[in-house]
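See below for my_file16.cif, which holds mmCIF, C-alpha atoms and all ligand atoms.
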```cif
data_structure
#
loop_
_atom_site.group_PDB
_atom_site.id
_atom_site.type_symbol
_atom_site.label_atom_id
_atom_site.label_comp_id
_atom_site.auth_asym_id
_atom_site.auth_seq_id
_atom_site.Cartn_x
_atom_site.Cartn_y
_atom_site.Cartn_z
ATOM 1 C CA MET A 37 212.437 11.179 199.058
ATOM 2 C CA SER A 38 211.665 12.050 202.678
ATOM 3 C CA ALA A 39 210.158 9.413 204.945
ATOM 4 C CA THR A 40 206.802 11.213 204.930
ATOM 5 C CA ALA A 41 206.472 11.776 201.165
ATOM 6 C CA PRO A 42 203.526 9.922 199.606
ATOM 7 C CA ALA A 43 204.357 6.962 197.400
ATOM 8 C CA VAL A 44 204.336 7.693 193.678
ATOM 9 C CA GLY A 45 204.769 5.583 190.574
ATOM 10 C CA PRO A 46 204.498 1.828 190.420
ATOM 11 C CA SER A 47 204.516 1.239 194.183
ATOM 12 C CA ARG A 48 201.435 3.353 194.890
ATOM 13 C CA TRP A 49 197.867 2.032 194.651
ATOM 14 C CA TYR A 50 195.456 4.198 192.665
ATOM 15 C CA GLU A 51 191.683 4.278 192.682
ATOM 16 C CA ALA A 52 190.386 2.880 189.403
ATOM 17 C CA SER A 53 186.934 2.668 187.915
ATOM 18 C CA ILE A 54 185.569 0.599 185.084
ATOM 19 C CA GLU A 55 184.364 2.725 182.192
ATOM 20 C CA ARG A 56 183.026 -0.172 180.143
ATOM 21 C CA ILE A 57 183.432 -3.865 179.528
ATOM 22 C CA VAL A 58 183.454 -5.224 175.973
ATOM 23 C CA ARG A 59 183.329 -8.904 175.051
ATOM 24 C CA GLN A 60 186.229 -9.852 172.789
ATOM 25 C CA THR A 61 185.859 -13.626 172.543
ATOM 26 C CA PRO A 62 183.847 -16.290 174.401
ATOM 27 C CA ARG A 63 186.534 -16.341 177.118
ATOM 28 C CA VAL A 64 187.971 -12.818 177.050
ATOM 29 C CA VAL A 65 186.577 -9.399 177.926
ATOM 30 C CA SER A 66 188.240 -6.032 177.493
ATOM 31 C CA VAL A 67 187.951 -3.909 180.618
ATOM 32 C CA PHE A 68 188.441 -0.194 180.003
ATOM 33 C CA VAL A 69 189.784 1.389 183.180
ATOM 34 C CA ARG A 70 190.106 4.996 184.270
ATOM 35 C CA ALA A 71 192.854 5.711 186.813
ATOM 36 C CA SER A 72 195.354 8.529 187.263
ATOM 37 C CA LEU A 73 198.304 6.299 186.476
ATOM 38 C CA PRO A 74 201.553 7.557 184.944
ATOM 39 C CA VAL A 75 201.725 6.943 181.171
ATOM 40 C CA HIS A 76 202.912 3.411 180.434
ATOM 41 C CA VAL A 77 205.445 2.046 177.968
ATOM 42 C CA ALA A 78 204.156 -0.543 175.470
ATOM 43 C CA GLY A 79 204.515 -3.980 177.057
ATOM 44 C CA GLN A 80 204.013 -2.963 180.681
ATOM 45 C CA HIS A 81 201.337 -4.267 183.010
ATOM 46 C CA VAL A 82 199.406 -3.151 186.069
ATOM 47 C CA ASP A 83 198.609 -4.936 189.286
ATOM 48 C CA VAL A 84 194.914 -5.072 190.093
ATOM 49 C CA ARG A 85 193.724 -5.360 193.721
ATOM 50 C CA LEU A 86 190.182 -6.347 194.614
ATOM 51 C CA THR A 87 188.874 -5.939 198.143
ATOM 52 C CA ALA A 88 185.826 -7.864 199.397
ATOM 53 C CA PRO A 89 183.389 -6.334 201.936
ATOM 54 C CA ASP A 90 185.016 -8.438 204.682
ATOM 55 C CA GLY A 91 188.431 -6.983 203.843
ATOM 56 C CA TYR A 92 189.768 -10.013 201.971
ATOM 57 C CA GLN A 93 192.033 -8.900 199.127
ATOM 58 C CA ALA A 94 193.156 -10.585 195.916
ATOM 59 C CA GLN A 95 195.782 -9.221 193.579
ATOM 60 C CA ARG A 96 196.722 -10.183 189.985
ATOM 61 C CA SER A 97 198.737 -8.691 187.135
ATOM 62 C CA TYR A 98 197.198 -7.653 183.795
ATOM 63 C CA SER A 99 199.029 -6.315 180.755
ATOM 64 C CA ILE A 100 197.952 -3.057 179.176
ATOM 65 C CA ALA A 101 196.612 -3.520 175.643
ATOM 66 C CA SER A 102 196.171 0.132 174.781
ATOM 67 C CA ALA A 103 198.917 2.278 173.288
ATOM 68 C CA PRO A 104 200.803 4.593 175.653
ATOM 69 C CA GLY A 105 198.888 7.779 176.386
ATOM 70 C CA VAL A 106 195.509 6.406 175.312
ATOM 71 C CA GLU A 107 192.806 6.665 177.977
ATOM 72 C CA PRO A 108 191.053 4.799 179.398
ATOM 73 C CA ILE A 109 193.602 1.996 179.508
ATOM 74 C CA GLU A 110 192.426 -1.351 178.161
ATOM 75 C CA LEU A 111 192.980 -4.646 179.938
ATOM 76 C CA ALA A 112 191.930 -7.889 178.263
ATOM 77 C CA ILE A 113 191.141 -10.600 180.786
ATOM 78 C CA GLU A 114 190.706 -14.276 180.027
ATOM 79 C CA ARG A 115 188.326 -16.217 182.227
ATOM 80 C CA LEU A 116 189.983 -19.197 183.898
ATOM 81 C CA GLU A 117 187.357 -21.734 184.988
ATOM 82 C CA ASP A 118 188.757 -22.351 188.446
ATOM 83 C CA GLY A 119 190.196 -18.855 188.823
ATOM 84 C CA GLU A 120 189.644 -16.438 191.671
ATOM 85 C CA VAL A 121 190.047 -12.996 190.069
ATOM 86 C CA SER A 122 189.426 -13.414 186.331
ATOM 87 C CA PRO A 123 185.813 -14.705 186.742
ATOM 88 C CA TYR A 124 185.027 -11.541 188.719
ATOM 89 C CA PHE A 125 185.621 -9.392 185.623
ATOM 90 C CA HIS A 126 183.368 -11.681 183.558
ATOM 91 C CA GLU A 127 180.472 -12.277 185.926
ATOM 92 C CA VAL A 128 180.383 -9.565 188.573
ATOM 93 C CA ALA A 129 182.108 -6.384 187.394
ATOM 94 C CA ARG A 130 180.003 -3.622 185.839
ATOM 95 C CA SER A 131 180.628 -0.114 184.463
ATOM 96 C CA GLY A 132 181.311 2.269 187.338
ATOM 97 C CA ASP A 133 182.705 -0.404 189.673
ATOM 98 C CA ALA A 134 185.820 0.596 191.572
ATOM 99 C CA PHE A 135 188.974 -1.283 192.535
ATOM 100 C CA GLU A 136 192.666 -0.437 192.864
ATOM 101 C CA VAL A 137 195.520 -0.531 190.395
ATOM 102 C CA ARG A 138 199.264 -0.146 190.740
ATOM 103 C CA GLY A 139 201.708 0.569 187.961
ATOM 104 C CA PRO A 140 202.675 0.729 185.226
ATOM 105 C CA ILE A 141 205.112 -2.082 185.988
ATOM 106 C CA GLY A 142 207.889 -3.703 183.963
ATOM 107 C CA GLY A 143 211.249 -2.508 182.713
ATOM 108 C CA HIS A 144 212.314 -5.426 180.523
ATOM 109 C CA PHE A 145 209.323 -6.546 178.451
ATOM 110 C CA ILE A 146 208.887 -3.138 176.818
ATOM 111 C CA TRP A 147 209.243 -1.701 173.328
ATOM 112 C CA ARG A 148 210.311 1.888 172.745
ATOM 113 C CA ARG A 149 210.320 3.779 169.492
ATOM 114 C CA GLU A 150 214.099 4.066 169.372
ATOM 115 C CA GLU A 151 214.290 0.329 168.814
ATOM 116 C CA SER A 152 213.753 0.687 165.085
ATOM 117 C CA ASP A 153 215.041 -2.667 163.833
ATOM 118 C CA PRO A 154 212.586 -5.424 162.865
ATOM 119 C CA ILE A 155 210.532 -6.714 165.763
ATOM 120 C CA LEU A 156 209.065 -10.160 166.142
ATOM 121 C CA LEU A 157 206.098 -10.529 168.487
ATOM 122 C CA VAL A 158 204.896 -14.003 169.423
ATOM 123 C CA GLY A 159 201.752 -14.399 171.515
ATOM 124 C CA GLY A 160 199.824 -17.411 172.733
ATOM 125 C CA GLY A 161 196.197 -16.849 173.804
ATOM 126 C CA SER A 162 195.911 -13.848 176.104
ATOM 127 C CA GLY A 163 199.678 -13.416 175.717
ATOM 128 C CA VAL A 164 198.833 -11.208 172.756
ATOM 129 C CA VAL A 165 197.710 -8.423 175.113
ATOM 130 C CA PRO A 166 201.026 -6.577 175.760
ATOM 131 C CA LEU A 167 202.012 -7.207 172.131
ATOM 132 C CA MET A 168 198.850 -5.385 171.097
ATOM 133 C CA ALA A 169 200.105 -2.251 172.848
ATOM 134 C CA MET A 170 203.245 -2.477 170.679
ATOM 135 C CA VAL A 171 201.233 -3.152 167.512
ATOM 136 C CA ARG A 172 199.036 -0.138 168.237
ATOM 137 C CA HIS A 173 201.934 2.139 169.183
ATOM 138 C CA ARG A 174 204.267 1.287 166.267
ATOM 139 C CA PRO A 175 202.509 3.116 163.395
ATOM 140 C CA ALA A 176 202.318 6.309 165.455
ATOM 141 C CA VAL A 177 205.947 6.473 166.566
ATOM 142 C CA ALA A 178 207.959 4.217 164.244
ATOM 143 C CA PRO A 179 205.897 3.623 161.094
ATOM 144 C CA ASP A 180 208.934 2.357 159.154
ATOM 145 C CA THR A 181 209.831 -0.290 161.725
ATOM 146 C CA PRO A 182 208.847 -3.709 160.392
ATOM 147 C CA ALA A 183 206.890 -5.883 162.813
ATOM 148 C CA LEU A 184 205.595 -9.423 162.567
ATOM 149 C CA LEU A 185 202.974 -10.694 165.007
ATOM 150 C CA VAL A 186 202.765 -14.471 165.255
ATOM 151 C CA TYR A 187 199.576 -15.234 167.131
ATOM 152 C CA SER A 188 198.455 -18.662 168.273
ATOM 153 C CA ALA A 189 194.950 -19.282 169.619
ATOM 154 C CA ARG A 190 192.695 -22.301 169.941
ATOM 155 C CA THR A 191 190.171 -21.259 167.305
ATOM 156 C CA TRP A 192 189.434 -18.383 164.924
ATOM 157 C CA ASP A 193 186.728 -17.138 167.317
ATOM 158 C CA GLU A 194 189.192 -17.059 170.202
ATOM 159 C CA LEU A 195 191.540 -14.603 168.517
ATOM 160 C CA ILE A 196 191.460 -11.514 170.725
ATOM 161 C CA PHE A 197 191.510 -8.217 168.753
ATOM 162 C CA ARG A 198 190.964 -10.268 165.582
ATOM 163 C CA ASP A 199 189.127 -7.689 163.505
ATOM 164 C CA GLU A 200 191.502 -4.889 164.429
ATOM 165 C CA LEU A 201 194.522 -7.052 163.630
ATOM 166 C CA LEU A 202 193.147 -8.027 160.224
ATOM 167 C CA GLU A 203 192.396 -4.390 159.497
ATOM 168 C CA ARG A 204 195.896 -3.325 160.528
ATOM 169 C CA GLU A 205 197.442 -6.078 158.429
ATOM 170 C CA ALA A 206 195.586 -4.726 155.377
ATOM 171 C CA ARG A 207 196.201 -1.065 156.137
ATOM 172 C CA GLU A 208 199.827 -1.262 157.330
ATOM 173 C CA SER A 209 200.865 -4.085 155.009
ATOM 174 C CA ASN A 210 204.265 -2.605 154.120
ATOM 175 C CA PHE A 211 205.464 -2.801 157.698
ATOM 176 C CA PHE A 212 203.057 -4.927 159.746
ATOM 177 C CA ALA A 213 202.688 -8.644 159.053
ATOM 178 C CA LEU A 214 200.378 -11.077 160.818
ATOM 179 C CA ALA A 215 200.720 -14.860 161.013
ATOM 180 C CA ILE A 216 197.812 -16.625 162.702
ATOM 181 C CA THR A 217 197.759 -20.228 163.752
ATOM 182 C CA THR A 218 194.795 -21.995 165.354
ATOM 183 C CA THR A 219 195.341 -25.227 167.246
ATOM 184 C CA ARG A 220 191.773 -26.547 167.606
ATOM 185 C CA GLY A 221 189.944 -25.332 164.544
ATOM 186 C CA GLY A 222 190.476 -25.102 160.836
ATOM 187 C CA ARG A 223 192.080 -22.035 159.392
ATOM 188 C CA GLU A 224 189.916 -19.354 157.837
ATOM 189 C CA ARG A 225 192.412 -17.948 155.340
ATOM 190 C CA PRO A 226 194.858 -19.844 153.128
ATOM 191 C CA SER A 227 197.701 -17.690 154.458
ATOM 192 C CA ASP A 228 197.117 -18.819 158.050
ATOM 193 C CA PHE A 229 198.072 -22.058 159.785
ATOM 194 C CA ASP A 230 196.208 -24.705 161.776
ATOM 195 C CA ARG A 231 198.811 -26.397 163.917
ATOM 196 C CA ARG A 232 200.832 -25.882 167.058
ATOM 197 C CA LEU A 233 203.553 -23.307 166.939
ATOM 198 C CA ASP A 234 206.646 -25.492 166.820
ATOM 199 C CA ARG A 235 210.117 -24.960 165.438
ATOM 200 C CA ALA A 236 209.199 -25.958 161.878
ATOM 201 C CA LEU A 237 206.260 -23.565 161.795
ATOM 202 C CA LEU A 238 208.315 -20.705 163.235
ATOM 203 C CA ARG A 239 210.948 -21.324 160.564
ATOM 204 C CA GLU A 240 208.304 -21.297 157.843
ATOM 205 C CA ILE A 241 206.745 -18.067 159.123
ATOM 206 C CA LEU A 242 210.114 -16.314 159.482
ATOM 207 C CA ALA A 243 211.113 -17.373 155.959
ATOM 208 C CA ARG A 244 207.874 -15.968 154.594
ATOM 209 C CA TRP A 245 208.463 -12.688 156.435
ATOM 210 C CA GLY A 246 211.938 -12.511 154.908
ATOM 211 C CA ARG A 247 213.532 -10.460 157.685
ATOM 212 C CA PHE A 248 215.702 -11.305 160.651
ATOM 213 C CA PRO A 249 214.287 -9.944 163.907
ATOM 214 C CA ARG A 250 216.448 -7.748 166.048
ATOM 215 C CA HIS A 251 214.035 -7.578 168.986
ATOM 216 C CA VAL A 252 211.822 -10.489 169.983
ATOM 217 C CA TYR A 253 208.940 -10.498 172.468
ATOM 218 C CA VAL A 254 207.275 -13.744 173.504
ATOM 219 C CA CYS A 255 204.245 -13.802 175.819
ATOM 220 C CA GLY A 256 201.777 -16.412 177.013
ATOM 221 C CA SER A 257 201.526 -19.320 179.422
ATOM 222 C CA ASN A 258 204.703 -20.727 180.947
ATOM 223 C CA ALA A 259 204.622 -23.697 178.571
ATOM 224 C CA PHE A 260 204.097 -21.545 175.473
ATOM 225 C CA VAL A 261 206.879 -19.099 176.332
ATOM 226 C CA GLY A 262 209.292 -21.902 177.189
ATOM 227 C CA SER A 263 208.818 -23.836 173.978
ATOM 228 C CA VAL A 264 208.704 -20.839 171.631
ATOM 229 C CA SER A 265 211.797 -19.252 173.172
ATOM 230 C CA SER A 266 213.812 -22.481 172.858
ATOM 231 C CA ASP A 267 212.650 -22.980 169.275
ATOM 232 C CA LEU A 268 213.661 -19.435 168.352
ATOM 233 C CA VAL A 269 217.123 -20.001 169.819
ATOM 234 C CA LEU A 270 217.411 -23.202 167.785
ATOM 235 C CA GLU A 271 216.502 -21.105 164.752
ATOM 236 C CA GLY A 272 219.546 -18.927 165.361
ATOM 237 C CA ILE A 273 218.118 -16.020 167.354
ATOM 238 C CA SER A 274 220.371 -15.009 170.223
ATOM 239 C CA PRO A 275 218.754 -15.492 173.658
ATOM 240 C CA ALA A 276 219.896 -11.950 174.464
ATOM 241 C CA ARG A 277 217.419 -10.633 171.887
ATOM 242 C CA ILE A 278 214.449 -12.521 173.309
ATOM 243 C CA ARG A 279 212.304 -10.919 175.987
ATOM 244 C CA ALA A 280 209.694 -13.125 177.585
ATOM 245 C CA GLU A 281 206.618 -12.512 179.721
ATOM 246 C CA ARG A 282 205.106 -15.550 181.447
ATOM 247 C CA TYR A 283 201.474 -15.458 182.520
ATOM 248 C CA GLY A 284 201.430 -18.610 184.624
ATOM 249 C CA GLY A 285 199.978 -22.060 184.297
ATOM 250 C CA ALA A 286 201.789 -25.359 184.493
ATOM 251 C CA PRO A 287 205.571 -24.845 184.441
HETATM 252 C C1 LIG A 301 202.946 -9.826 184.062
HETATM 253 C C2 LIG A 301 201.625 -10.569 183.887
HETATM 254 C C3 LIG A 301 200.679 -10.056 183.022
HETATM 255 C C4 LIG A 301 199.466 -10.725 182.846
HETATM 256 N N1 LIG A 301 198.559 -10.228 181.957
HETATM 257 C C5 LIG A 301 197.417 -10.890 181.727
HETATM 258 C C6 LIG A 301 196.486 -10.409 180.747
HETATM 259 O O1 LIG A 301 196.716 -9.389 180.077
HETATM 260 N N2 LIG A 301 195.327 -11.103 180.577
HETATM 261 C C7 LIG A 301 195.051 -12.244 181.303
HETATM 262 O O2 LIG A 301 193.974 -12.828 181.098
HETATM 263 N N3 LIG A 301 195.930 -12.729 182.216
HETATM 264 C C8 LIG A 301 197.084 -12.078 182.459
HETATM 265 N N4 LIG A 301 197.956 -12.539 183.405
HETATM 266 C C9 LIG A 301 197.552 -13.664 184.269
HETATM 267 C C10 LIG A 301 196.779 -13.095 185.480
HETATM 268 O O3 LIG A 301 197.658 -12.364 186.314
HETATM 269 C C11 LIG A 301 196.154 -14.193 186.347
HETATM 270 O O4 LIG A 301 197.158 -15.129 186.683
HETATM 271 C C12 LIG A 301 195.005 -14.883 185.662
HETATM 272 O O5 LIG A 301 193.959 -13.946 185.358
HETATM 273 C C13 LIG A 301 194.450 -15.977 186.574
HETATM 274 O O6 LIG A 301 193.988 -15.390 187.758
HETATM 275 P P1 LIG A 301 192.767 -16.042 188.532
HETATM 276 O O7 LIG A 301 192.705 -15.413 189.878
HETATM 277 O O8 LIG A 301 191.532 -16.016 187.693
HETATM 278 O O9 LIG A 301 193.185 -17.566 188.643
HETATM 279 P P2 LIG A 301 193.967 -18.240 189.864
HETATM 280 O O10 LIG A 301 193.005 -18.457 190.983
HETATM 281 O O11 LIG A 301 195.211 -17.473 190.148
HETATM 282 O O12 LIG A 301 194.416 -19.603 189.196
HETATM 283 C C14 LIG A 301 193.479 -20.593 188.843
HETATM 284 C C15 LIG A 301 194.171 -21.786 188.195
HETATM 285 O O13 LIG A 301 194.653 -21.433 186.888
HETATM 286 C C16 LIG A 301 196.062 -21.652 186.795
HETATM 287 N N5 LIG A 301 196.587 -20.562 185.976
HETATM 288 C C17 LIG A 301 196.891 -19.301 186.363
HETATM 289 N N6 LIG A 301 197.328 -18.575 185.319
HETATM 290 C C18 LIG A 301 197.268 -19.386 184.226
HETATM 291 C C19 LIG A 301 197.577 -19.211 182.848
HETATM 292 N N7 LIG A 301 198.037 -18.060 182.365
HETATM 293 N N8 LIG A 301 197.375 -20.274 182.028
HETATM 294 C C20 LIG A 301 196.900 -21.444 182.499
HETATM 295 N N9 LIG A 301 196.597 -21.664 183.798
HETATM 296 C C21 LIG A 301 196.778 -20.657 184.643
HETATM 297 C C22 LIG A 301 196.574 -21.634 188.200
HETATM 298 O O14 LIG A 301 197.735 -22.412 188.333
HETATM 299 C C23 LIG A 301 195.387 -22.257 188.965
HETATM 300 O O15 LIG A 301 195.397 -23.658 188.864
HETATM 301 C C24 LIG A 301 199.192 -11.915 183.574
HETATM 302 C C25 LIG A 301 200.154 -12.415 184.451
HETATM 303 C C26 LIG A 301 201.349 -11.762 184.603
HETATM 304 C C27 LIG A 301 202.391 -12.345 185.554
#
```
For the file at hand, write its structure as structure tokens.
Ligand SMILES: Cc1cc2nc3c(=O)[nH]c(=O)nc-3n(C[C@H](O)[C@H](O)[C@H](O)COP(=O)(O)OP(=O)(O)OC[C@H]3O[C@@H](n4cnc5c(N)ncnc54)[C@H](O)[C@@H]3O)c2cc1C
Amino acid sequence: MSATAPAVGPSRWYEASIERIVRQTPRVVSVFVRASLPVHVAGQHVDVRLTAPDGYQAQRSYSIASAPGVEPIELAIERLEDGEVSPYFHEVARSGDAFEVRGPIGGHFIWRREESDPILLVGGGSGVVPLMAMVRHRPAVAPDTPALLVYSARTWDELIFRDELLEREARESNFFALAITTTRGGRERPSDFDRRLDRALLREILARWGRFPRHVYVCGSNAFVGSVSSDLVLEGISPARIRAERYGGAP
């Protein structure tokens, strides 16, 4: 590239506008964003940059929940009480508002169709977002690839994409399995769980699935990713097969 060529790809900032905002759970909204970004790979994220009238800028990363090629792209943003950027999308942002995005970003936490062996997806809270892009993409490009989504949330009402996931579980039951666990509220279905995702629960869920995962994706807070990844290794899954995306929070 010559020194004067404009930046392209992940390093360039693009104008973005909000098409609509849809409430998913009491603490999460989906923000549908139009921007002329390159097509993403399932699992990637974008950087979002907000600029205040006085020029102050704040930048955060958000995973893409929509399948590759689907427009507008969907971000699902959890409101953190003492947060700087996430409350903006809950309280201030409206359809038509503009900001900047950069991406798609990420070359490790991605799933491509050629990876056809069983995939295990483990999400905690908003960590389900990039996994949702994989769940949505799989039936279109690799319908025979078995996938299990293990999804931990505080309560049944805090399960992001809940209705769509239940529908997919029913419709794609030969190849897509869903294991839900809620940590602060009783379970709604006998097949779900109501305790923290520890080693014993992972073992139980994997035994019920009856397959050994070849590719594993774990996403959520630092604490969630750390404990789940170690438990999976203790359960015999090679660390080389585990890809992790950490959203932050206490180390
Ligand atoms: C690759 C990547 C993808 C991400 N994708 C998403 C996504 O799809 N949806 C989403 O909601 N968030 C996602 N995040 C987190 C997001 O980038 C922000 O960190 C989050 O929205 C908080 O920003 P904030 O400005 O509101 O809070 P901040 O002002 O940055 O932080 C407020 C307080 O919350 C703490 N904190 C920050 N993040 C977390 C966390 N995850 N859990 C617990 N405490 C935290 C901070 O330490 C601080 O004390 C992603 C992060 C990364 C690195």
Closest atom pairs, chain A residues within 6 Å of ligand LIG 301 (chain A), all atoms listed in the file, as JSON lines:
```
{"residue": "A:His81", "atom": "CA", "partner": "A:LIG301", "partner_atom": "C3", "distance": 5.8}
{"residue": "A:Arg96", "atom": "CA", "partner": "A:LIG301", "partner_atom": "O3", "distance": 4.4}
{"residue": "A:Ser97", "atom": "CA", "partner": "A:LIG301", "partner_atom": "O3", "distance": 3.9}
{"residue": "A:Tyr98", "atom": "CA", "partner": "A:LIG301", "partner_atom": "N1", "distance": 3.4}
{"residue": "A:Ser99", "atom": "CA", "partner": "A:LIG301", "partner_atom": "O1", "distance": 3.9}
{"residue": "A:Ala112", "atom": "CA", "partner": "A:LIG301", "partner_atom": "N2", "distance": 5.2}
{"residue": "A:Ile113", "atom": "CA", "partner": "A:LIG301", "partner_atom": "O2", "distance": 3.6}
{"residue": "A:Glu114", "atom": "CA", "partner": "A:LIG301", "partner_atom": "O2", "distance": 3.7}
{"residue": "A:Leu116", "atom": "CA", "partner": "A:LIG301", "partner_atom": "O8", "distance": 5.2}
{"residue": "A:Asp118", "atom": "CA", "partner": "A:LIG301", "partner_atom": "C14", "distance": 5.1}
{"residue": "A:Gly119", "atom": "CA", "partner": "A:LIG301", "partner_atom": "O9", "distance": 3.3}
{"residue": "A:Glu120", "atom": "CA", "partner": "A:LIG301", "partner_atom": "O7", "distance": 3.7}
{"residue": "A:Val121", "atom": "CA", "partner": "A:LIG301", "partner_atom": "O7", "distance": 3.6}
{"residue": "A:Ser122", "atom": "CA", "partner": "A:LIG301", "partner_atom": "O8", "distance": 3.6}
{"residue": "A:Pro123", "atom": "CA", "partner": "A:LIG301", "partner_atom": "O8", "distance": 5.9}
{"residue": "A:Ser162", "atom": "CA", "partner": "A:LIG301", "partner_atom": "N2", "distance": 5.3}
{"residue": "A:Val165", "atom": "CA", "partner": "A:LIG301", "partner_atom": "O1", "distance": 5.2}
{"residue": "A:Ser257", "atom": "CA", "partner": "A:LIG301", "partner_atom": "N7", "distance": 4.7}
{"residue": "A:Arg282", "atom": "CA", "partner": "A:LIG301", "partner_atom": "C27", "distance": 5.9}
{"residue": "A:Tyr283", "atom": "CA", "partner": "A:LIG301", "partner_atom": "C25", "distance": 3.8}
{"residue": "A:Gly284", "atom": "CA", "partner": "A:LIG301", "partner_atom": "N7", "distance": 4.1}
{"residue": "A:Gly285", "atom": "CA", "partner": "A:LIG301", "partner_atom": "N9", "distance": 3.4}
```
Include C-alpha atoms and write out the residues we just selected as a PDB file, in the coordinates of the input.
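Wrote it out as selection-v3.pdb, contents follow:
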```
ATOM      1  CA  HIS A  81     201.337  -4.267 183.010  1.00  0.00           C
ATOM      2  CA  ARG A  96     196.722 -10.183 189.985  1.00  0.00           C
ATOM      3  CA  SER A  97     198.737  -8.691 187.135  1.00  0.00           C
ATOM      4  CA  TYR A  98     197.198  -7.653 183.795  1.00  0.00           C
ATOM      5  CA  SER A  99     199.029  -6.315 180.755  1.00  0.00           C
ATOM      6  CA  ALA A 112     191.930  -7.889 178.263  1.00  0.00           C
ATOM      7  CA  ILE A 113     191.141 -10.600 180.786  1.00  0.00           C
ATOM      8  CA  GLU A 114     190.706 -14.276 180.027  1.00  0.00           C
ATOM      9  CA  LEU A 116     189.983 -19.197 183.898  1.00  0.00           C
ATOM     10  CA  ASP A 118     188.757 -22.351 188.446  1.00  0.00           C
ATOM     11  CA  GLY A 119     190.196 -18.855 188.823  1.00  0.00           C
ATOM     12  CA  GLU A 120     189.644 -16.438 191.671  1.00  0.00           C
ATOM     13  CA  VAL A 121     190.047 -12.996 190.069  1.00  0.00           C
ATOM     14  CA  SER A 122     189.426 -13.414 186.331  1.00  0.00           C
ATOM     15  CA  PRO A 123     185.813 -14.705 186.742  1.00  0.00           C
ATOM     16  CA  SER A 162     195.911 -13.848 176.104  1.00  0.00           C
ATOM     17  CA  VAL A 165     197.710  -8.423 175.113  1.00  0.00           C
ATOM     18  CA  SER A 257     201.526 -19.320 179.422  1.00  0.00           C
ATOM     19  CA  ARG A 282     205.106 -15.550 181.447  1.00  0.00           C
ATOM     20  CA  TYR A 283     201.474 -15.458 182.520  1.00  0.00           C
ATOM     21  CA  GLY A 284     201.430 -18.610 184.624  1.00  0.00           C
ATOM     22  CA  GLY A 285     199.978 -22.060 184.297  1.00  0.00           C
TER      23      GLY A 285
END
```
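Distance annotation: of A:Leu157, A:Ile141, A:Ala52, A:Met170, the residue with the minimal separation from Cys255 (chain A) is A:Leu157; atom set is all atoms listed in the file.
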### Task
Tell me, as an MDAnalysis selection string, which residues lie within 8 Å of Arg149 (chain A), counting all atoms listed in the file; anything in the same chain fewer than 5 positions away does not count.
chainID A and resid 174 177:178
### Query
Neighbours of Pro175 (chain A) within 9 Å (all atoms listed in the file; same-chain residues fewer than 3 positions away dropped), as a list in words?
Val171, Arg172, Ala178, Pro179, Asp180, Thr181, Glu208, Phe211 and Phe212 of chain A
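Using only C-alpha atoms, the residues found no farther than 12 Å from region 47-49 of chain A, other than those of its own chain fewer than 3 positions away, are Ala41, Pro42, Ala43, Val44, Ala52, Ala71, Ser72, Leu73, Pro74, Val82, Asp83, Val84, Arg85, Leu86, Gln95, Phe135, Glu136, Val137, Arg138, Gly139, Pro140, Ile141 and Gly142 of chain A.
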Once the PyMOL selection byres (((chain A and resi 221-229) around 10) and not hetatm) is applied to the coordinates I shared, what remains selected? I want it as a short mmCIF file (atom, residue, chain, number, x, y, z; two decimals) with C-alpha atoms, in the coordinates of the input.
```
data_model
loop_
_atom_site.label_atom_id
_atom_site.label_comp_id
_atom_site.auth_asym_id
_atom_site.auth_seq_id
_atom_site.Cartn_x
_atom_site.Cartn_y
_atom_site.Cartn_z
CA SER A 188 198.46 -18.66 168.27
CA ALA A 189 194.95 -19.28 169.62
CA ARG A 190 192.70 -22.30 169.94
CA THR A 191 190.17 -21.26 167.30
CA TRP A 192 189.43 -18.38 164.92
CA ASP A 193 186.73 -17.14 167.32
CA LEU A 214 200.38 -11.08 160.82
CA ALA A 215 200.72 -14.86 161.01
CA ILE A 216 197.81 -16.62 162.70
CA THR A 217 197.76 -20.23 163.75
CA THR A 218 194.80 -22.00 165.35
CA THR A 219 195.34 -25.23 167.25
CA ARG A 220 191.77 -26.55 167.61
CA ASP A 230 196.21 -24.70 161.78
CA ARG A 231 198.81 -26.40 163.92
CA ARG A 232 200.83 -25.88 167.06
CA LEU A 233 203.55 -23.31 166.94
CA LEU A 237 206.26 -23.56 161.79
CA ILE A 241 206.74 -18.07 159.12
#
```
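The coordinates place CA of Met168 (chain A) at 20.6 Å from CA of Leu268 (chain A).
Atom pair CA of Ser53 (chain A) / CA of Phe68 (chain A) has a distance of 8.5 Å (rounded to one decimal).
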Given 5 Å of margin on each side, can you work out the centre and size in Å (one decimal) of an axis-aligned box holding every listed atom of region 185-203 of chain A, as AutoDock Vina command-line options?
```
--center_x 194.9 --center_y -13.3 --center_z 165.1 --size_x 26.2 --size_y 27.9 --size_z 21.2
```
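The result of the PyMOL selection byres (((chain A and resi 213) around 10) and not hetatm) on the shown file is Leu156, Pro182, Ala183, Leu184, Leu185, Val186, Leu201, Leu202, Arg204, Glu205, Ala206, Glu208, Ser209, Asn210, Phe211, Phe212, Leu214, Ala215 and Trp245 of chain A.
For the atom pair formed by CA of Arg115 (chain A) and CA of Ala101 (chain A), the distance is 16.5 Å, given to one decimal.
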### Query
Quick one: of A:Glu240, A:Asp234, A:Glu194, A:Glu271, who's nearest to Gly161 (chain A), counting all atoms listed in the file?
A:Glu194
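When all atoms listed in the file are used to compute distances to Leu238 (chain A), the closest of the residues A:Val158, A:Val58, A:Ser66, A:Arg198 turns out to be A:Val158.
With only the atoms specified (all atoms listed in the file) counting, those residues at most 10 Å away from (220.1, -8.1, 171.0) are Pro249, Arg250, His251, Val252, Ile273, Ser274, Pro275, Ala276, Arg277, Ile278 and Arg279 of chain A.
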